[in-house]
$ cat target.pdb   # PDB, C-alpha atoms and all ligand atoms
ATOM      1  CA  MET A  13     194.597  46.658  92.237
ATOM      2  CA  THR A  14     193.180  43.146  91.916
ATOM      3  CA  ALA A  15     190.062  42.075  93.814
ATOM      4  CA  ALA A  16     192.180  39.626  95.849
ATOM      5  CA  SER A  17     194.709  42.265  97.002
ATOM      6  CA  GLN A  18     192.374  45.195  97.585
ATOM      7  CA  SER A  19     192.030  46.664 101.078
ATOM      8  CA  PRO A  20     188.789  45.633 102.811
ATOM      9  CA  SER A  21     187.974  49.330 103.279
ATOM     10  CA  VAL A  22     187.886  49.955  99.531
ATOM     11  CA  ARG A  23     184.368  49.623  98.185
ATOM     12  CA  ARG A  24     183.816  47.747  94.995
ATOM     13  CA  LEU A  25     181.338  49.749  92.930
ATOM     14  CA  THR A  26     179.022  48.438  90.267
ATOM     15  CA  LEU A  27     177.870  51.012  87.750
ATOM     16  CA  GLN A  28     174.927  49.786  85.730
ATOM     17  CA  ILE A  29     174.841  51.981  82.658
ATOM     18  CA  LEU A  30     172.012  52.165  80.171
ATOM     19  CA  ARG A  31     173.618  51.513  76.797
ATOM     20  CA  CYS A  32     171.730  52.676  73.747
ATOM     21  CA  ASP A  33     172.757  53.734  70.255
ATOM     22  CA  PRO A  34     170.039  55.569  68.291
ATOM     23  CA  GLN A  35     172.127  54.973  65.130
ATOM     24  CA  GLN A  36     171.473  51.245  65.552
ATOM     25  CA  PRO A  37     167.740  50.994  66.307
ATOM     26  CA  GLU A  38     167.883  47.226  65.868
ATOM     27  CA  ALA A  39     170.178  46.934  68.920
ATOM     28  CA  ALA A  40     167.946  47.000  72.012
ATOM     29  CA  ALA A  41     168.847  49.263  74.929
ATOM     30  CA  ARG A  42     170.401  47.327  77.791
ATOM     31  CA  LEU A  43     171.808  47.885  81.258
ATOM     32  CA  GLN A  44     175.501  47.014  81.230
ATOM     33  CA  PRO A  45     177.294  46.499  84.567
ATOM     34  CA  PHE A  46     180.848  47.769  85.075
ATOM     35  CA  GLN A  47     182.865  47.194  88.230
ATOM     36  CA  LEU A  48     185.651  49.320  89.675
ATOM     37  CA  ASP A  49     187.276  50.130  93.004
ATOM     38  CA  GLU A  50     186.178  53.344  94.655
ATOM     39  CA  ALA A  51     188.948  55.907  95.145
ATOM     40  CA  PRO A  52     188.960  58.710  97.749
ATOM     41  CA  GLY A  53     187.045  61.742  96.473
ATOM     42  CA  MET A  54     185.848  59.844  93.417
ATOM     43  CA  THR A  55     183.068  61.549  91.469
ATOM     44  CA  LEU A  56     180.874  59.875  88.880
ATOM     45  CA  TYR A  57     182.868  61.810  86.298
ATOM     46  CA  LEU A  58     186.088  60.120  87.462
ATOM     47  CA  ALA A  59     184.398  56.711  87.664
ATOM     48  CA  LEU A  60     183.018  57.004  84.123
ATOM     49  CA  ASN A  61     186.383  58.142  82.793
ATOM     50  CA  GLU A  62     188.093  55.181  84.423
ATOM     51  CA  ILE A  63     185.561  52.830  82.847
ATOM     52  CA  ARG A  64     186.038  54.433  79.449
ATOM     53  CA  ASP A  65     189.846  54.364  79.781
ATOM     54  CA  THR A  66     190.188  50.815  81.079
ATOM     55  CA  GLN A  67     187.064  48.867  80.138
ATOM     56  CA  ASP A  68     185.029  50.294  77.267
ATOM     57  CA  PRO A  69     186.250  53.156  75.055
ATOM     58  CA  SER A  70     182.874  53.242  73.283
ATOM     59  CA  LEU A  71     180.995  54.524  76.345
ATOM     60  CA  GLN A  72     179.347  57.885  75.545
ATOM     61  CA  PHE A  73     178.876  60.669  78.112
ATOM     62  CA  ASP A  74     179.446  64.445  78.144
ATOM     63  CA  PHE A  75     181.776  66.579  80.236
ATOM     64  CA  VAL A  76     183.500  69.902  79.713
ATOM     65  CA  CYS A  77     184.261  71.788  82.916
ATOM     66  CA  ARG A  78     184.184  69.062  85.616
ATOM     67  CA  ALA A  79     183.221  71.814  88.056
ATOM     68  CA  GLY A  80     179.441  72.215  87.874
ATOM     69  CA  ILE A  81     179.685  75.164  85.486
ATOM     70  CA  CYS A  82     179.052  73.990  81.916
ATOM     71  CA  GLY A  83     175.911  71.906  82.596
ATOM     72  CA  SER A  84     176.875  69.145  80.172
ATOM     73  CA  CYS A  85     177.142  66.164  82.539
ATOM     74  CA  GLY A  86     173.509  65.879  83.648
ATOM     75  CA  MET A  87     172.262  62.289  83.865
ATOM     76  CA  MET A  88     169.859  60.120  85.823
ATOM     77  CA  ILE A  89     171.715  58.898  88.892
ATOM     78  CA  ASN A  90     169.794  56.129  90.633
ATOM     79  CA  GLY A  91     166.611  57.547  89.123
ATOM     80  CA  ARG A  92     167.283  61.194  90.009
ATOM     81  CA  PRO A  93     168.645  63.892  87.671
ATOM     82  CA  GLY A  94     171.999  65.278  88.762
ATOM     83  CA  LEU A  95     175.436  66.417  87.640
ATOM     84  CA  ALA A  96     177.937  63.568  87.411
ATOM     85  CA  CYS A  97     180.929  65.844  88.027
ATOM     86  CA  ARG A  98     179.442  67.091  91.315
ATOM     87  CA  THR A  99     178.288  63.703  92.593
ATOM     88  CA  LEU A 100     180.629  61.833  94.918
ATOM     89  CA  THR A 101     180.354  58.066  94.715
ATOM     90  CA  ALA A 102     180.806  58.058  98.515
ATOM     91  CA  ASN A 103     177.306  59.544  98.781
ATOM     92  CA  LEU A 104     175.787  56.711  96.751
ATOM     93  CA  PRO A 105     175.236  52.997  97.425
ATOM     94  CA  SER A 106     177.729  50.597  95.843
ATOM     95  CA  LEU A 107     175.218  49.758  93.088
ATOM     96  CA  ILE A 108     174.746  52.857  90.933
ATOM     97  CA  THR A 109     172.398  52.954  87.972
ATOM     98  CA  LEU A 110     173.014  55.617  85.330
ATOM     99  CA  ALA A 111     170.708  56.561  82.468
ATOM    100  CA  PRO A 112     170.416  59.532  80.095
ATOM    101  CA  LEU A 113     168.229  62.496  81.028
ATOM    102  CA  PRO A 114     164.710  61.962  79.633
ATOM    103  CA  GLY A 115     163.059  64.673  77.556
ATOM    104  CA  PHE A 116     166.081  65.356  75.330
ATOM    105  CA  GLU A 117     167.268  63.889  72.046
ATOM    106  CA  LEU A 118     169.466  60.900  72.800
ATOM    107  CA  ILE A 119     172.919  60.973  71.224
ATOM    108  CA  GLY A 120     174.057  57.679  72.750
ATOM    109  CA  ASP A 121     174.387  56.008  76.177
ATOM    110  CA  LEU A 122     174.442  58.885  78.714
ATOM    111  CA  SER A 123     174.872  61.668  76.173
ATOM    112  CA  VAL A 124     171.829  63.805  75.284
ATOM    113  CA  ASN A 125     171.387  66.933  73.184
ATOM    114  CA  THR A 126     170.323  69.467  75.810
ATOM    115  CA  GLY A 127     171.709  72.258  73.607
ATOM    116  CA  LYS A 128     169.115  71.622  70.902
ATOM    117  CA  TRP A 129     166.285  71.711  73.452
ATOM    118  CA  MET A 130     167.620  74.883  75.094
ATOM    119  CA  ARG A 131     168.053  76.624  71.732
ATOM    120  CA  GLY A 132     164.461  75.799  70.735
ATOM    121  CA  MET A 133     163.138  77.089  74.055
ATOM    122  CA  SER A 134     165.249  80.273  73.830
ATOM    123  CA  GLU A 135     163.980  80.970  70.317
ATOM    124  CA  ARG A 136     160.347  80.482  71.380
ATOM    125  CA  LEU A 137     160.810  82.780  74.373
ATOM    126  CA  GLU A 138     163.077  85.226  72.529
ATOM    127  CA  SER A 139     165.626  84.991  75.330
ATOM    128  CA  TRP A 140     167.773  87.922  74.422
ATOM    129  CA  ILE A 141     167.765  91.604  75.281
ATOM    130  CA  HIS A 142     165.389  93.495  73.000
ATOM    131  CA  SER A 143     166.759  97.000  72.654
ATOM    132  CA  SER A 144     166.427  99.653  69.957
ATOM    133  CA  GLU A 145     169.750 101.189  71.021
ATOM    134  CA  GLU A 146     172.639 100.714  68.621
ATOM    135  CA  VAL A 147     175.375  98.673  70.217
ATOM    136  CA  ASP A 148     178.535 100.757  70.366
ATOM    137  CA  PRO A 149     181.454  98.604  71.555
ATOM    138  CA  CYS A 150     183.467 101.745  72.378
ATOM    139  CA  ARG A 151     180.839 103.133  74.774
ATOM    140  CA  LEU A 152     180.536 101.924  78.345
ATOM    141  CA  GLU A 153     177.138 100.549  79.327
ATOM    142  CA  THR A 154     175.034 102.620  81.713
ATOM    143  CA  PRO A 155     175.836 101.233  85.168
ATOM    144  CA  MET A 156     173.112  99.272  86.924
ATOM    145  CA  GLU A 157     172.224  99.528  90.597
ATOM    146  CA  PRO A 158     174.317  96.843  92.351
ATOM    147  CA  GLU A 159     171.216  95.315  94.010
ATOM    148  CA  LEU A 160     169.521  94.954  90.628
ATOM    149  CA  ALA A 161     172.664  93.508  89.026
ATOM    150  CA  GLU A 162     172.795  91.046  91.924
ATOM    151  CA  GLN A 163     169.166  90.019  91.379
ATOM    152  CA  ILE A 164     169.787  89.425  87.652
ATOM    153  CA  TYR A 165     172.999  87.561  88.382
ATOM    154  CA  GLU A 166     171.139  85.275  90.784
ATOM    155  CA  LEU A 167     168.850  84.113  87.942
ATOM    156  CA  GLU A 168     171.682  83.993  85.399
ATOM    157  CA  ARG A 169     173.425  81.297  87.406
ATOM    158  CA  CYS A 170     171.394  78.723  85.422
ATOM    159  CA  ILE A 171     173.823  76.416  83.601
ATOM    160  CA  GLU A 172     171.148  74.891  81.315
ATOM    161  CA  CYS A 173     171.930  71.402  82.575
ATOM    162  CA  GLY A 174     168.399  70.123  81.929
ATOM    163  CA  CYS A 175     167.895  68.554  85.368
ATOM    164  CA  CYS A 176     164.724  70.607  85.951
ATOM    165  CA  ILE A 177     163.291  69.357  82.642
ATOM    166  CA  ALA A 178     164.187  65.724  83.284
ATOM    167  CA  GLY A 179     162.547  65.948  86.711
ATOM    168  CA  CYS A 180     159.353  67.723  85.613
ATOM    169  CA  GLY A 181     156.226  65.704  84.798
ATOM    170  CA  THR A 182     154.802  68.472  82.612
ATOM    171  CA  ALA A 183     158.001  68.751  80.564
ATOM    172  CA  GLN A 184     157.922  65.009  79.973
ATOM    173  CA  MET A 185     154.347  65.251  78.624
ATOM    174  CA  ARG A 186     154.549  68.516  76.682
ATOM    175  CA  SER A 187     157.528  68.847  74.346
ATOM    176  CA  ASP A 188     157.076  72.632  73.996
ATOM    177  CA  PHE A 189     156.738  73.299  77.721
ATOM    178  CA  ALA A 190     159.176  76.100  78.647
ATOM    179  CA  GLY A 191     159.949  74.406  81.958
ATOM    180  CA  ALA A 192     161.439  76.066  84.983
ATOM    181  CA  VAL A 193     164.550  76.941  82.981
ATOM    182  CA  GLY A 194     162.458  78.920  80.449
ATOM    183  CA  LEU A 195     160.228  80.565  83.034
ATOM    184  CA  ASN A 196     163.373  81.575  84.896
ATOM    185  CA  GLN A 197     164.591  83.311  81.726
ATOM    186  CA  ILE A 198     161.397  85.357  81.457
ATOM    187  CA  ALA A 199     161.833  86.379  85.098
ATOM    188  CA  ARG A 200     165.426  87.338  84.324
ATOM    189  CA  PHE A 201     164.557  89.549  81.312
ATOM    190  CA  ARG A 202     161.697  91.190  83.236
ATOM    191  CA  LEU A 203     164.289  92.527  85.656
ATOM    192  CA  ASP A 204     166.682  93.826  83.016
ATOM    193  CA  PRO A 205     166.239  97.581  82.336
ATOM    194  CA  ARG A 206     168.028  97.198  78.970
ATOM    195  CA  ASP A 207     165.176  95.031  77.653
ATOM    196  CA  GLU A 208     162.505  97.315  76.215
ATOM    197  CA  ARG A 209     159.732  94.726  76.138
ATOM    198  CA  SER A 210     156.762  95.552  78.364
ATOM    199  CA  ASP A 211     155.691  93.198  81.157
ATOM    200  CA  ASP A 212     152.621  92.375  79.078
ATOM    201  CA  GLU A 213     154.731  91.401  76.034
ATOM    202  CA  LEU A 214     157.079  89.289  78.129
ATOM    203  CA  TYR A 215     154.393  87.518  80.122
ATOM    204  CA  ARG A 216     152.336  86.684  77.045
ATOM    205  CA  LEU A 217     155.292  84.613  75.793
ATOM    206  CA  VAL A 218     154.578  82.188  78.643
ATOM    207  CA  GLY A 219     150.879  82.860  79.220
ATOM    208  CA  ASP A 220     149.618  79.468  78.053
ATOM    209  CA  ASP A 221     149.833  75.740  78.802
ATOM    210  CA  ASP A 222     153.359  75.593  77.376
ATOM    211  CA  GLY A 223     154.296  78.244  79.893
ATOM    212  CA  VAL A 224     153.188  79.215  83.368
ATOM    213  CA  PHE A 225     149.760  77.575  83.091
ATOM    214  CA  GLY A 226     151.271  74.195  82.233
ATOM    215  CA  CYS A 227     153.202  74.149  85.496
ATOM    216  CA  MET A 228     151.408  71.869  87.953
ATOM    217  CA  THR A 229     153.587  72.948  90.894
ATOM    218  CA  LEU A 230     155.237  69.544  91.034
ATOM    219  CA  LEU A 231     158.329  71.195  92.584
ATOM    220  CA  GLY A 232     160.840  68.719  91.145
ATOM    221  CA  CYS A 233     162.606  71.592  89.384
ATOM    222  CA  GLN A 234     163.368  73.400  92.606
ATOM    223  CA  ASP A 235     164.423  70.217  94.425
ATOM    224  CA  LEU A 236     166.725  69.062  91.622
ATOM    225  CA  CYS A 237     168.349  72.289  90.432
ATOM    226  CA  PRO A 238     172.075  71.864  91.127
ATOM    227  CA  LYS A 239     172.489  75.640  91.302
ATOM    228  CA  SER A 240     169.664  75.999  93.866
ATOM    229  CA  LEU A 241     167.909  78.649  91.809
ATOM    230  CA  PRO A 242     164.755  80.112  93.384
ATOM    231  CA  LEU A 243     162.578  78.596  90.648
ATOM    232  CA  GLN A 244     159.373  78.314  92.649
ATOM    233  CA  THR A 245     159.537  81.930  93.748
ATOM    234  CA  GLN A 246     159.943  83.013  90.121
ATOM    235  CA  ILE A 247     157.078  80.862  88.840
ATOM    236  CA  ALA A 248     154.763  82.043  91.638
ATOM    237  CA  TYR A 249     155.721  85.655  90.887
ATOM    238  CA  LEU A 250     154.956  85.240  87.177
ATOM    239  CA  ARG A 251     151.561  83.726  88.055
ATOM    240  CA  ARG A 252     150.655  86.630  90.321
ATOM    241  CA  LYS A 253     151.742  89.240  87.769
ATOM    242  CA  MET A 254     149.794  87.535  84.994
ATOM    243  CA  ALA A 255     146.661  87.388  87.112
ATOM    244  CA  ALA A 256     147.078  91.106  87.825
ATOM    245  CA  LEU A 257     147.418  91.813  84.081
ATOM    246  CA  GLY A 258     144.412  89.610  83.300
ATOM    247  CA  ILE A 259     146.491  87.042  81.361
ATOM    248  CA  THR A 260     144.784  83.788  82.325
TER     249      THR A 260
HETATM  250 FE1  LIG B   1     169.775  73.261  85.480
HETATM  251 FE2  LIG B   1     168.662  74.718  87.446
HETATM  252 FE3  LIG B   1     169.055  75.803  85.044
HETATM  253 FE4  LIG B   1     167.183  73.937  85.353
HETATM  254  S1  LIG B   1     167.196  75.979  86.271
HETATM  255  S2  LIG B   1     168.633  74.045  83.680
HETATM  256  S3  LIG B   1     168.130  72.598  86.879
HETATM  257  S4  LIG B   1     170.630  75.080  86.463
HETATM  258 FE1  LIG B   2     157.553  71.241  86.526
HETATM  259 FE2  LIG B   2     158.652  72.706  88.397
HETATM  260 FE3  LIG B   2     156.225  73.270  87.575
HETATM  261  S1  LIG B   2     158.742  70.498  88.236
HETATM  262  S2  LIG B   2     155.382  71.319  86.981
HETATM  263  S3  LIG B   2     158.076  73.407  86.364
HETATM  264  S4  LIG B   2     156.971  73.360  89.636
HETATM  265 FE1  LIG B   3     180.496  70.771  83.480
HETATM  266 FE2  LIG B   3     179.677  68.732  84.990
HETATM  267  S1  LIG B   3     181.211  68.733  83.468
HETATM  268  S2  LIG B   3     178.826  70.707  84.865
END
$ encode --input "target.pdb" --output "structure tokens"
Amino acid sequence: MTAASQSPSVRRLTLQILRCDPQQPEAAARLQPFQLDEAPGMTLYLALNEIRDTQDPSLQFDFVCRAGICGSCGMMINGRPGLACRTLTANLPSLITLAPLPGFELIGDLSVNTGKWMRGMSERLESWIHSSEEVDPCRLETPMEPELAEQIYELERCIECGCCIAGCGTAQMRSDFAGAVGLNQIARFRLDPRDERSDDELYRLVGDDDGVFGCMTLLGCQDLCPKSLPLQTQIAYLRRKMAALGIT
């Protein structure tokens, strides 16, 4: 639809997108405006796809599931971390500024390498079940109490989108800070009866300034988590348990 023929009720959106290519350090980062007509139910994912399809095929951004499940579409949306596939343009002003999530390696434009960050954090925190039992694929696992399985599931809903890292002042200052996403993992493994690590062993993994003691209770993580994980409750719990164990 041309600007002249468009219905007056259709909003004209301007997406200002931070363009940056780390492969070309001589080319300065710049905000590039793109205009398009808003469609009913349009998400930022749809808007970015339309721009890439019709205006600039070189625009870089990440999507897989389009349903808030894979965590790959995190970006700064008018200065706030969020998932592009779950953000309706109708809930935003007509001028929308998009930038990559800070704190992660930039791949280009809105695309960042959250996977590399998450892998490094998981390796530091040994985020896997430590068990001396041989895994026998033919044997059924011992059933868990449903309430406990529910509690673990609640913390496993993390999609590793990186919004809590992009919105955390400590994570932006300390590259090895585990962040709410890492502290949430420790809380998750503490609950799991299959993990043979003691509380003391688990808590010591985050018993320093790159862990619980680096958290300044800024609360951005809890406010920004698109899965509404109870991050503050988990961090407060870890603090109390560590104090009880004398890990300070
Ligand atoms: Fe994303 Fe929430 Fe997981 Fe952080 S804790 S990575 S904000 S889902
Ligand atoms: Fe960061 Fe959340 Fe703590 S925003 S400082 S991890 S409360
Ligand atoms: Fe998967 Fe947005 S595309 S969370």
$ residues_near_ligand --input "target.pdb" --ligand "ligand LIG 2 (chain B)" --cutoff "9 Å" --atoms "all atoms listed in the file" --output "tab-separated table (two decimals) with C-alpha atoms, keeping the file's coordinate frame"
chain	number	residue	atom	x	y	z
A	176	CYS	CA	164.72	70.61	85.95
A	177	ILE	CA	163.29	69.36	82.64
A	178	ALA	CA	164.19	65.72	83.28
A	179	GLY	CA	162.55	65.95	86.71
A	180	CYS	CA	159.35	67.72	85.61
A	181	GLY	CA	156.23	65.70	84.80
A	182	THR	CA	154.80	68.47	82.61
A	183	ALA	CA	158.00	68.75	80.56
A	189	PHE	CA	156.74	73.30	77.72
A	190	ALA	CA	159.18	76.10	78.65
A	191	GLY	CA	159.95	74.41	81.96
A	192	ALA	CA	161.44	76.07	84.98
A	193	VAL	CA	164.55	76.94	82.98
A	195	LEU	CA	160.23	80.56	83.03
A	223	GLY	CA	154.30	78.24	79.89
A	224	VAL	CA	153.19	79.22	83.37
A	225	PHE	CA	149.76	77.58	83.09
A	226	GLY	CA	151.27	74.19	82.23
A	227	CYS	CA	153.20	74.15	85.50
A	228	MET	CA	151.41	71.87	87.95
A	229	THR	CA	153.59	72.95	90.89
A	230	LEU	CA	155.24	69.54	91.03
A	231	LEU	CA	158.33	71.19	92.58
A	232	GLY	CA	160.84	68.72	91.14
A	233	CYS	CA	162.61	71.59	89.38
A	234	GLN	CA	163.37	73.40	92.61
A	235	ASP	CA	164.42	70.22	94.42
A	236	LEU	CA	166.72	69.06	91.62
A	243	LEU	CA	162.58	78.60	90.65
A	244	GLN	CA	159.37	78.31	92.65
A	247	ILE	CA	157.08	80.86	88.84
$ residues_near_ligand --input "target.pdb" --ligand "ligand LIG 3 (chain B)" --cutoff "7 Å" --atoms "all atoms listed in the file" --output "list of chain:residue names"
A:Phe75, A:Val76, A:Cys77, A:Arg78, A:Ala79, A:Gly80, A:Ile81, A:Cys82, A:Gly83, A:Ser84, A:Cys85, A:Gly86, A:Leu95, A:Ala96, A:Cys97, A:Arg98
$ residues_near_ligand --input "target.pdb" --ligand "ligand LIG 1 (chain B)" --cutoff "6 Å" --atoms "only C-alpha atoms and all ligand atoms" --output "PyMOL selection string"
chain A and resi 170-176+192-193+237-239+241
$ atom_distance --input "target.pdb" --atom1 "atom CA of A:Glu138" --atom2 "atom CA of A:Leu217"
8.5 Å
$ atom_distance --input "target.pdb" --atom1 "atom CA of A:Arg209" --atom2 "atom CA of A:Ser139"
11.4 Å
$ closest_residue --input "target.pdb" --among "A:Ser123, A:Asn103, A:Leu203, A:Asn196" --to "A:Thr245" --atoms "all atoms listed in the file"
A:Asn196
$ residues_around --input "target.pdb" --residues "stretch 46-49 of chain A" --least-positions-apart "5" --cutoff "7 Å" --atoms "all atoms listed in the file" --output "list in words"
Val22, Arg23, Arg24, Leu25, Thr26, Leu27 and Gln28 of chain A
$ write_last_selection --input "target.pdb" --atoms "C-alpha atoms" --output "compact mmCIF listing (two decimals), in the frame of the given file"
# COMPACT_ATOMS: atom_id res chain seq x y z
CA VAL A 22 187.89 49.96 99.53
CA ARG A 23 184.37 49.62 98.18
CA ARG A 24 183.82 47.75 95.00
CA LEU A 25 181.34 49.75 92.93
CA THR A 26 179.02 48.44 90.27
CA LEU A 27 177.87 51.01 87.75
CA GLN A 28 174.93 49.79 85.73
$ closest_residue --input "target.pdb" --among "A:Met130, A:Leu30, A:Ala161, A:Leu60" --to "A:Phe201" --atoms "only C-alpha atoms"
A:Ala161
$ residues_around --input "target.pdb" --residues "stretch 249-257 of chain A" --least-positions-apart "5" --cutoff "8 Å" --atoms "only C-alpha atoms" --output "PDB file with C-alpha atoms, keeping the file's coordinate frame"
ATOM      1  CA  ALA A 199     161.833  86.379  85.098  1.00  0.00           C
ATOM      2  CA  ASP A 212     152.621  92.375  79.078  1.00  0.00           C
ATOM      3  CA  TYR A 215     154.393  87.518  80.122  1.00  0.00           C
ATOM      4  CA  GLY A 219     150.879  82.860  79.220  1.00  0.00           C
ATOM      5  CA  VAL A 224     153.188  79.215  83.368  1.00  0.00           C
TER       6      VAL A 224
END
$ decode --input "target.pdb" --residues "stretch 163-174 of chain A" --atoms "C-alpha atoms" --output "CSV table (one decimal), in the first residue's frame"
chain,number,residue,atom,x,y,z
A,163,GLN,CA,9.4,-27.1,41.3
A,164,ILE,CA,12.2,-28.1,39.0
A,165,TYR,CA,10.1,-27.6,35.9
A,166,GLU,CA,9.3,-24.0,37.1
A,167,LEU,CA,13.1,-23.2,37.1
A,168,GLU,CA,13.7,-25.1,33.9
A,169,ARG,CA,11.4,-22.8,32.0
A,170,CYS,CA,14.4,-20.5,31.4
A,171,ILE,CA,15.0,-20.1,27.6
A,172,GLU,CA,18.5,-18.6,27.9
A,173,CYS,CA,17.4,-15.5,26.0
A,174,GLY,CA,19.9,-13.2,27.8
